[in-house]
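Have a look at the structure below, then the notes.
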Amino acid sequence: MASSKGPASPAARVAEMEKMSVEQLKAVKEQTDLEVNLLQDSLNNIRTATTRLDLASAALHDLSLRPQGKKMLVPLTASLYVPGTLDDSEKVLVDIGTGYFVEKTMVEGKDYCERKIHLLKSNYDQLLELASNKKTVADEAGAALQAKLKQLAPQT
Amino acid sequence: MASPAAVRELQRDLENKANDLSKIQKDIAKNHQVRKKYTIQLGENELVLKELELLKEDANVYKLIGPVLVKQDLAEANANVRKRIEYISAELKRLDATVQDLEEKQNSKREAVLKVQQRMQALQAGKAKA
């Protein structure tokens with residue numbers, strides 16, 4: 001269950017952490033570390049998806065430059081290509097998700113790629129902010145834990 | 001007085017309650033997983049709906065059924081996606097209610113386990129407890 005980080009200001013957070021025992025602090029740090037890792041994974045996924053969309057957009061652009069009737073090789077499997085000729089490059093089929101494909105013009109197709117890339121970029125920025133906030137909390141927890149352990153150590 | 005039979009019975013009770021608690025926690029975890037899957041599907045379907053709405057009336061829509069791309073009517077595709085969104089939203093609401101119920105059960109089980117543990121501690125300390 002995601003724990004809500006009550007105090008918003010870093011000073012208040014550190015004060016809260018000082019009040020906790022070593023056990024609780026360890027648990028908080030582990031929890032935040034997990035969350036940071038999750039967020040980093042999501043960031044990577046978004047980056048991969050954006051790269052793929054960029055490639056698609058570039059491929060589209062390249063396709064639009066080719067004349068109709070141009071000879072090409074069509075991949076049937078990963079190792080089998082078949083010679084063919086380029087038909088109308090003005091129409092493209094776009095996969096919009098959940099098994100639906102839409103026929104669009106070259107311009108609309110490029111526009112689709114642009115739109116998706118913008119959406120992903122804004123998601124990425126939001127996620128990046130969340131991830132850095134969480135990392136700050138995790139670092140504070142780590143520092144507080146270190147301080148607490150040092151406090152307890154000489155007490156023998 | 002702390003009879004070994006009473007201690008054993010309490011221990012059995014504790015085990016039962018602890019097992020129940022872990023089962024409830026497993027159910028909660030499964031609920032979260034299913035809810036994650038549905039949320040992802042809902043997001044994807046909403047994206048598709050947005051794209052479909054941007055299309056002109058005469059645009060060609062195809063649906064991938066197995067290895068076959070089948071031409072679909074735009075209105076039909078819209079209706080299908082809307083219906084799926086409705087269904088997924090209903091499922092999510094149902095899951096919400098279930099998880100709330102499970103969490104209440106979890107909390108009350110936790111309290112019950114704690115009480116049994118306390119009784120056991122009292123018994124083992126040698127005091128007779130009713």
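By convention in this document, the chains of the structure tokens carry letters A, B, ... by their order, each chain's residues are numbered from 1, and ligands are numbered from 1 in the order they are shown.
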
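Excluding Glu35 in chain A itself and same-chain residues fewer than 2 positions from it, the residues having an atom within 10 Å of it are A:Ala2, A:Lys29, A:Glu30, A:Gln31, A:Thr32, A:Asp33, A:Asn37, A:Leu38, A:Leu39, A:Gln40, A:Asp41, A:Ala131, A:Lys134, A:Lys135, A:Ala138, counting only C-alpha atoms.
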
Selected residues written out, all heavy atoms, as an mmCIF file, in the first residue's frame:
data_model
loop_
_atom_site.group_PDB
_atom_site.id
_atom_site.type_symbol
_atom_site.label_atom_id
_atom_site.label_comp_id
_atom_site.auth_asym_id
_atom_site.auth_seq_id
_atom_site.Cartn_x
_atom_site.Cartn_y
_atom_site.Cartn_z
ATOM 1 N N ALA A 2 0.680 2.146 -0.841
ATOM 2 C CA ALA A 2 1.535 3.330 -0.914
ATOM 3 C C ALA A 2 1.307 4.196 0.317
ATOM 4 O O ALA A 2 0.184 4.539 0.647
ATOM 5 C CB ALA A 2 1.207 4.118 -2.175
ATOM 6 N N LYS A 29 13.043 3.718 4.428
ATOM 7 C CA LYS A 29 14.046 3.837 3.365
ATOM 8 C C LYS A 29 13.854 2.744 2.329
ATOM 9 O O LYS A 29 13.903 3.000 1.122
ATOM 10 C CB LYS A 29 15.450 3.743 3.980
ATOM 11 C CG LYS A 29 16.519 3.676 2.900
ATOM 12 C CD LYS A 29 17.817 4.299 3.329
ATOM 13 C CE LYS A 29 18.881 4.003 2.290
ATOM 14 N NZ LYS A 29 18.568 4.570 0.986
ATOM 15 N N GLU A 30 13.598 1.494 2.802
ATOM 16 C CA GLU A 30 13.428 0.403 1.836
ATOM 17 C C GLU A 30 12.229 0.652 0.946
ATOM 18 O O GLU A 30 12.289 0.454 -0.262
ATOM 19 C CB GLU A 30 13.273 -0.929 2.579
ATOM 20 C CG GLU A 30 14.596 -1.575 2.894
ATOM 21 C CD GLU A 30 14.456 -2.771 3.814
ATOM 22 O OE1 GLU A 30 13.329 -3.301 3.933
ATOM 23 O OE2 GLU A 30 15.458 -3.160 4.412
ATOM 24 N N GLN A 31 11.144 1.108 1.571
ATOM 25 C CA GLN A 31 9.925 1.372 0.803
ATOM 26 C C GLN A 31 10.190 2.424 -0.258
ATOM 27 O O GLN A 31 9.836 2.254 -1.434
ATOM 28 C CB GLN A 31 8.823 1.828 1.767
ATOM 29 C CG GLN A 31 7.627 2.437 1.087
ATOM 30 C CD GLN A 31 6.589 1.406 0.741
ATOM 31 O OE1 GLN A 31 6.823 0.214 0.872
ATOM 32 N NE2 GLN A 31 5.439 1.866 0.307
ATOM 33 N N THR A 32 10.822 3.542 0.120
ATOM 34 C CA THR A 32 11.070 4.604 -0.855
ATOM 35 C C THR A 32 12.042 4.134 -1.916
ATOM 36 O O THR A 32 11.882 4.486 -3.097
ATOM 37 C CB THR A 32 11.624 5.876 -0.181
ATOM 38 O OG1 THR A 32 11.798 5.632 1.199
ATOM 39 C CG2 THR A 32 10.694 7.026 -0.358
ATOM 40 N N ASP A 33 13.042 3.333 -1.547
ATOM 41 C CA ASP A 33 13.978 2.817 -2.554
ATOM 42 C C ASP A 33 13.242 1.992 -3.598
ATOM 43 O O ASP A 33 13.484 2.131 -4.802
ATOM 44 C CB ASP A 33 15.048 1.951 -1.878
ATOM 45 C CG ASP A 33 16.186 2.788 -1.318
ATOM 46 O OD1 ASP A 33 16.322 3.945 -1.775
ATOM 47 O OD2 ASP A 33 16.914 2.292 -0.460
ATOM 48 N N ASN A 37 12.962 2.744 -7.617
ATOM 49 C CA ASN A 37 13.296 1.782 -8.683
ATOM 50 C C ASN A 37 12.162 1.611 -9.664
ATOM 51 O O ASN A 37 12.355 1.595 -10.879
ATOM 52 C CB ASN A 37 13.652 0.430 -8.061
ATOM 53 C CG ASN A 37 15.077 0.396 -7.586
ATOM 54 O OD1 ASN A 37 15.901 1.188 -8.036
ATOM 55 N ND2 ASN A 37 15.383 -0.498 -6.662
ATOM 56 N N LEU A 38 10.938 1.491 -9.126
ATOM 57 C CA LEU A 38 9.771 1.352 -9.992
ATOM 58 C C LEU A 38 9.671 2.524 -10.943
ATOM 59 O O LEU A 38 9.453 2.363 -12.147
ATOM 60 C CB LEU A 38 8.510 1.289 -9.133
ATOM 61 C CG LEU A 38 7.917 -0.094 -8.948
ATOM 62 C CD1 LEU A 38 7.062 -0.114 -7.697
ATOM 63 C CD2 LEU A 38 7.060 -0.467 -10.139
ATOM 64 N N LEU A 39 9.824 3.738 -10.380
ATOM 65 C CA LEU A 39 9.702 4.923 -11.213
ATOM 66 C C LEU A 39 10.802 4.955 -12.272
ATOM 67 O O LEU A 39 10.554 5.341 -13.419
ATOM 68 C CB LEU A 39 9.758 6.172 -10.340
ATOM 69 C CG LEU A 39 8.527 6.356 -9.439
ATOM 70 C CD1 LEU A 39 8.723 7.542 -8.505
ATOM 71 C CD2 LEU A 39 7.299 6.598 -10.281
ATOM 72 N N GLN A 40 12.022 4.542 -11.901
ATOM 73 C CA GLN A 40 13.105 4.516 -12.884
ATOM 74 C C GLN A 40 12.771 3.557 -14.014
ATOM 75 O O GLN A 40 13.009 3.843 -15.187
ATOM 76 C CB GLN A 40 14.414 4.049 -12.215
ATOM 77 C CG GLN A 40 14.987 5.018 -11.216
ATOM 78 C CD GLN A 40 15.695 6.173 -11.904
ATOM 79 O OE1 GLN A 40 15.621 6.336 -13.119
ATOM 80 N NE2 GLN A 40 16.355 6.989 -11.130
ATOM 81 N N ASP A 41 12.205 2.387 -13.675
ATOM 82 C CA ASP A 41 11.810 1.435 -14.718
ATOM 83 C C ASP A 41 10.824 2.070 -15.672
ATOM 84 O O ASP A 41 10.947 1.956 -16.897
ATOM 85 C CB ASP A 41 11.173 0.189 -14.083
ATOM 86 C CG ASP A 41 12.224 -0.785 -13.606
ATOM 87 O OD1 ASP A 41 13.371 -0.680 -14.091
ATOM 88 O OD2 ASP A 41 11.908 -1.638 -12.771
ATOM 89 N N ALA A 131 10.001 11.140 -9.708
ATOM 90 C CA ALA A 131 11.122 10.269 -9.355
ATOM 91 C C ALA A 131 12.161 11.039 -8.560
ATOM 92 O O ALA A 131 12.705 10.521 -7.574
ATOM 93 C CB ALA A 131 11.736 9.664 -10.610
ATOM 94 N N LYS A 134 10.963 11.534 -4.986
ATOM 95 C CA LYS A 134 11.073 10.305 -4.219
ATOM 96 C C LYS A 134 12.527 10.028 -3.858
ATOM 97 O O LYS A 134 12.834 9.584 -2.754
ATOM 98 C CB LYS A 134 10.551 9.112 -5.029
ATOM 99 C CG LYS A 134 9.083 8.880 -4.912
ATOM 100 C CD LYS A 134 8.786 7.956 -3.738
ATOM 101 C CE LYS A 134 7.337 7.818 -3.513
ATOM 102 N NZ LYS A 134 6.451 8.715 -3.156
ATOM 103 N N LYS A 135 13.445 10.300 -4.814
ATOM 104 C CA LYS A 135 14.859 10.040 -4.547
ATOM 105 C C LYS A 135 15.337 10.919 -3.412
ATOM 106 O O LYS A 135 16.107 10.482 -2.551
ATOM 107 C CB LYS A 135 15.663 10.319 -5.835
ATOM 108 C CG LYS A 135 17.133 10.030 -5.749
ATOM 109 C CD LYS A 135 17.428 8.652 -6.329
ATOM 110 C CE LYS A 135 18.873 8.234 -6.220
ATOM 111 N NZ LYS A 135 19.625 8.701 -5.097
ATOM 112 N N ALA A 138 14.228 9.387 -0.239
ATOM 113 C CA ALA A 138 15.026 8.192 0.056
ATOM 114 C C ALA A 138 16.396 8.595 0.603
ATOM 115 O O ALA A 138 16.893 7.999 1.567
ATOM 116 C CB ALA A 138 15.172 7.342 -1.199
#

Would you return as an NGL selection string the members of chain A that DSSP assigns to alpha helix (DSSP H) on this structure's backbone? :A and (10-19 or 22-65 or 106-152)

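Those residues of chain A that fall within 9 Å of chain B when using only C-alpha atoms read A:Leu93, A:Ile96, A:Gly97, A:Thr98, A:Gly99, A:Tyr100, A:Phe101, A:Val102, A:Glu103, A:Lys104, A:Tyr112.
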
Could you list, as a PyMOL selection string, every residue within 12 Å of Lys30 in chain B, counting only C-alpha atoms and ignoring same-chain residues fewer than 5 positions away? chain B and resi 23-25+35-37+95+98-99+102

Which residues are near His61 in chain A? Cut-off 9 Å, only C-alpha atoms, ignore same chain within fewer than 4 positions. Put them as a ChimeraX atom specification. /A:56-57,65,106,110

Can you tell me, as a PDB file with all heavy atoms, in the first residue's frame, what residues are no more than 12 Å from Ala147 in chain A when counting only C-alpha atoms, ignoring any on the same chain fewer than 4 positions away?
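Output file result-v7.pdb follows:
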ATOM      1  N   VAL A  14      12.457  15.607   7.717  1.00  0.00           N
ATOM      2  CA  VAL A  14      13.631  15.169   8.481  1.00  0.00           C
ATOM      3  C   VAL A  14      13.273  15.085   9.956  1.00  0.00           C
ATOM      4  O   VAL A  14      13.670  14.158  10.659  1.00  0.00           O
ATOM      5  CB  VAL A  14      14.819  16.138   8.245  1.00  0.00           C
ATOM      6  CG1 VAL A  14      15.981  15.739   9.118  1.00  0.00           C
ATOM      7  CG2 VAL A  14      15.226  16.123   6.802  1.00  0.00           C
ATOM      8  N   MET A  17      11.508  11.977  10.615  1.00  0.00           N
ATOM      9  CA  MET A  17      12.396  10.816  10.560  1.00  0.00           C
ATOM     10  C   MET A  17      13.188  10.689  11.849  1.00  0.00           C
ATOM     11  O   MET A  17      13.428   9.588  12.331  1.00  0.00           O
ATOM     12  CB  MET A  17      13.341  10.956   9.366  1.00  0.00           C
ATOM     13  CG  MET A  17      12.639  10.706   8.048  1.00  0.00           C
ATOM     14  SD  MET A  17      13.804  10.771   6.708  1.00  0.00           S
ATOM     15  CE  MET A  17      12.702  10.800   5.315  1.00  0.00           C
ATOM     16  N   GLU A  18      13.612  11.825  12.428  1.00  0.00           N
ATOM     17  CA  GLU A  18      14.396  11.749  13.661  1.00  0.00           C
ATOM     18  C   GLU A  18      13.586  11.089  14.764  1.00  0.00           C
ATOM     19  O   GLU A  18      14.116  10.434  15.642  1.00  0.00           O
ATOM     20  CB  GLU A  18      14.787  13.160  14.110  1.00  0.00           C
ATOM     21  CG  GLU A  18      15.321  14.037  12.999  1.00  0.00           C
ATOM     22  CD  GLU A  18      16.799  14.314  13.142  1.00  0.00           C
ATOM     23  OE1 GLU A  18      17.158  14.885  14.173  1.00  0.00           O
ATOM     24  OE2 GLU A  18      17.551  13.923  12.245  1.00  0.00           O
ATOM     25  N   SER A  21      12.113   5.178  15.076  1.00  0.00           N
ATOM     26  CA  SER A  21      13.150   4.256  15.529  1.00  0.00           C
ATOM     27  C   SER A  21      13.953   3.779  14.326  1.00  0.00           C
ATOM     28  O   SER A  21      13.582   4.006  13.185  1.00  0.00           O
ATOM     29  CB  SER A  21      12.515   3.059  16.221  1.00  0.00           C
ATOM     30  OG  SER A  21      11.856   2.284  15.241  1.00  0.00           O
ATOM     31  N   VAL A  22      15.057   3.085  14.627  1.00  0.00           N
ATOM     32  CA  VAL A  22      15.917   2.592  13.539  1.00  0.00           C
ATOM     33  C   VAL A  22      15.136   1.651  12.639  1.00  0.00           C
ATOM     34  O   VAL A  22      15.222   1.715  11.408  1.00  0.00           O
ATOM     35  CB  VAL A  22      17.145   1.879  14.132  1.00  0.00           C
ATOM     36  CG1 VAL A  22      17.951   1.223  13.027  1.00  0.00           C
ATOM     37  CG2 VAL A  22      18.016   2.868  14.882  1.00  0.00           C
ATOM     38  N   LEU A  25      12.741   3.560  10.442  1.00  0.00           N
ATOM     39  CA  LEU A  25      13.482   4.324   9.442  1.00  0.00           C
ATOM     40  C   LEU A  25      13.974   3.412   8.337  1.00  0.00           C
ATOM     41  O   LEU A  25      13.897   3.743   7.152  1.00  0.00           O
ATOM     42  CB  LEU A  25      14.654   5.013  10.135  1.00  0.00           C
ATOM     43  CG  LEU A  25      15.133   6.322   9.529  1.00  0.00           C
ATOM     44  CD1 LEU A  25      13.945   7.199   9.215  1.00  0.00           C
ATOM     45  CD2 LEU A  25      16.044   7.014  10.508  1.00  0.00           C
ATOM     46  N   GLU A 140      17.147  11.396   2.160  1.00  0.00           N
ATOM     47  CA  GLU A 140      16.987  11.922   3.526  1.00  0.00           C
ATOM     48  C   GLU A 140      16.858  10.784   4.525  1.00  0.00           C
ATOM     49  O   GLU A 140      17.451  10.816   5.604  1.00  0.00           O
ATOM     50  CB  GLU A 140      15.739  12.799   3.581  1.00  0.00           C
ATOM     51  CG  GLU A 140      15.940  14.162   2.967  1.00  0.00           C
ATOM     52  CD  GLU A 140      14.637  14.923   2.854  1.00  0.00           C
ATOM     53  OE1 GLU A 140      13.634  14.410   3.393  1.00  0.00           O
ATOM     54  OE2 GLU A 140      14.634  15.986   2.243  1.00  0.00           O
ATOM     55  N   ALA A 141      16.060   9.768   4.147  1.00  0.00           N
ATOM     56  CA  ALA A 141      15.887   8.633   5.047  1.00  0.00           C
ATOM     57  C   ALA A 141      17.220   7.947   5.294  1.00  0.00           C
ATOM     58  O   ALA A 141      17.548   7.583   6.430  1.00  0.00           O
ATOM     59  CB  ALA A 141      14.880   7.647   4.455  1.00  0.00           C
ATOM     60  N   GLY A 142      18.009   7.780   4.221  1.00  0.00           N
ATOM     61  CA  GLY A 142      19.311   7.143   4.367  1.00  0.00           C
ATOM     62  C   GLY A 142      20.214   7.922   5.296  1.00  0.00           C
ATOM     63  O   GLY A 142      20.857   7.355   6.188  1.00  0.00           O
ATOM     64  N   ALA A 143      20.254   9.247   5.123  1.00  0.00           N
ATOM     65  CA  ALA A 143      21.104  10.082   5.970  1.00  0.00           C
ATOM     66  C   ALA A 143      20.662  10.002   7.420  1.00  0.00           C
ATOM     67  O   ALA A 143      21.481   9.832   8.334  1.00  0.00           O
ATOM     68  CB  ALA A 143      21.053  11.525   5.468  1.00  0.00           C
ATOM     69  N   GLN A 151      24.637   7.304  16.329  1.00  0.00           N
ATOM     70  CA  GLN A 151      24.277   7.663  17.697  1.00  0.00           C
ATOM     71  C   GLN A 151      24.276   6.446  18.601  1.00  0.00           C
ATOM     72  O   GLN A 151      24.755   6.485  19.727  1.00  0.00           O
ATOM     73  CB  GLN A 151      22.863   8.255  17.703  1.00  0.00           C
ATOM     74  CG  GLN A 151      22.834   9.762  17.678  1.00  0.00           C
ATOM     75  CD  GLN A 151      21.402  10.248  17.661  1.00  0.00           C
ATOM     76  OE1 GLN A 151      20.468   9.465  17.783  1.00  0.00           O
ATOM     77  NE2 GLN A 151      21.228  11.547  17.552  1.00  0.00           N
ATOM     78  N   LEU A 152      23.697   5.347  18.095  1.00  0.00           N
ATOM     79  CA  LEU A 152      23.554   4.149  18.929  1.00  0.00           C
ATOM     80  C   LEU A 152      24.879   3.426  19.112  1.00  0.00           C
ATOM     81  O   LEU A 152      25.098   2.799  20.128  1.00  0.00           O
ATOM     82  CB  LEU A 152      22.544   3.191  18.290  1.00  0.00           C
ATOM     83  CG  LEU A 152      21.117   3.698  18.188  1.00  0.00           C
ATOM     84  CD1 LEU A 152      20.282   2.688  17.443  1.00  0.00           C
ATOM     85  CD2 LEU A 152      20.558   3.926  19.571  1.00  0.00           C
ATOM     86  N   ALA A 153      25.776   3.536  18.149  1.00  0.00           N
ATOM     87  CA  ALA A 153      27.007   2.714  18.169  1.00  0.00           C
ATOM     88  C   ALA A 153      27.836   2.917  19.424  1.00  0.00           C
ATOM     89  O   ALA A 153      28.136   1.950  20.116  1.00  0.00           O
ATOM     90  CB  ALA A 153      27.809   2.993  16.912  1.00  0.00           C
TER      91      ALA A 153
END

I'd like the interatomic distance between CA of Thr105 in chain A and CA of Glu90 in chain A, to a tenth of an Å. 5.5 Å
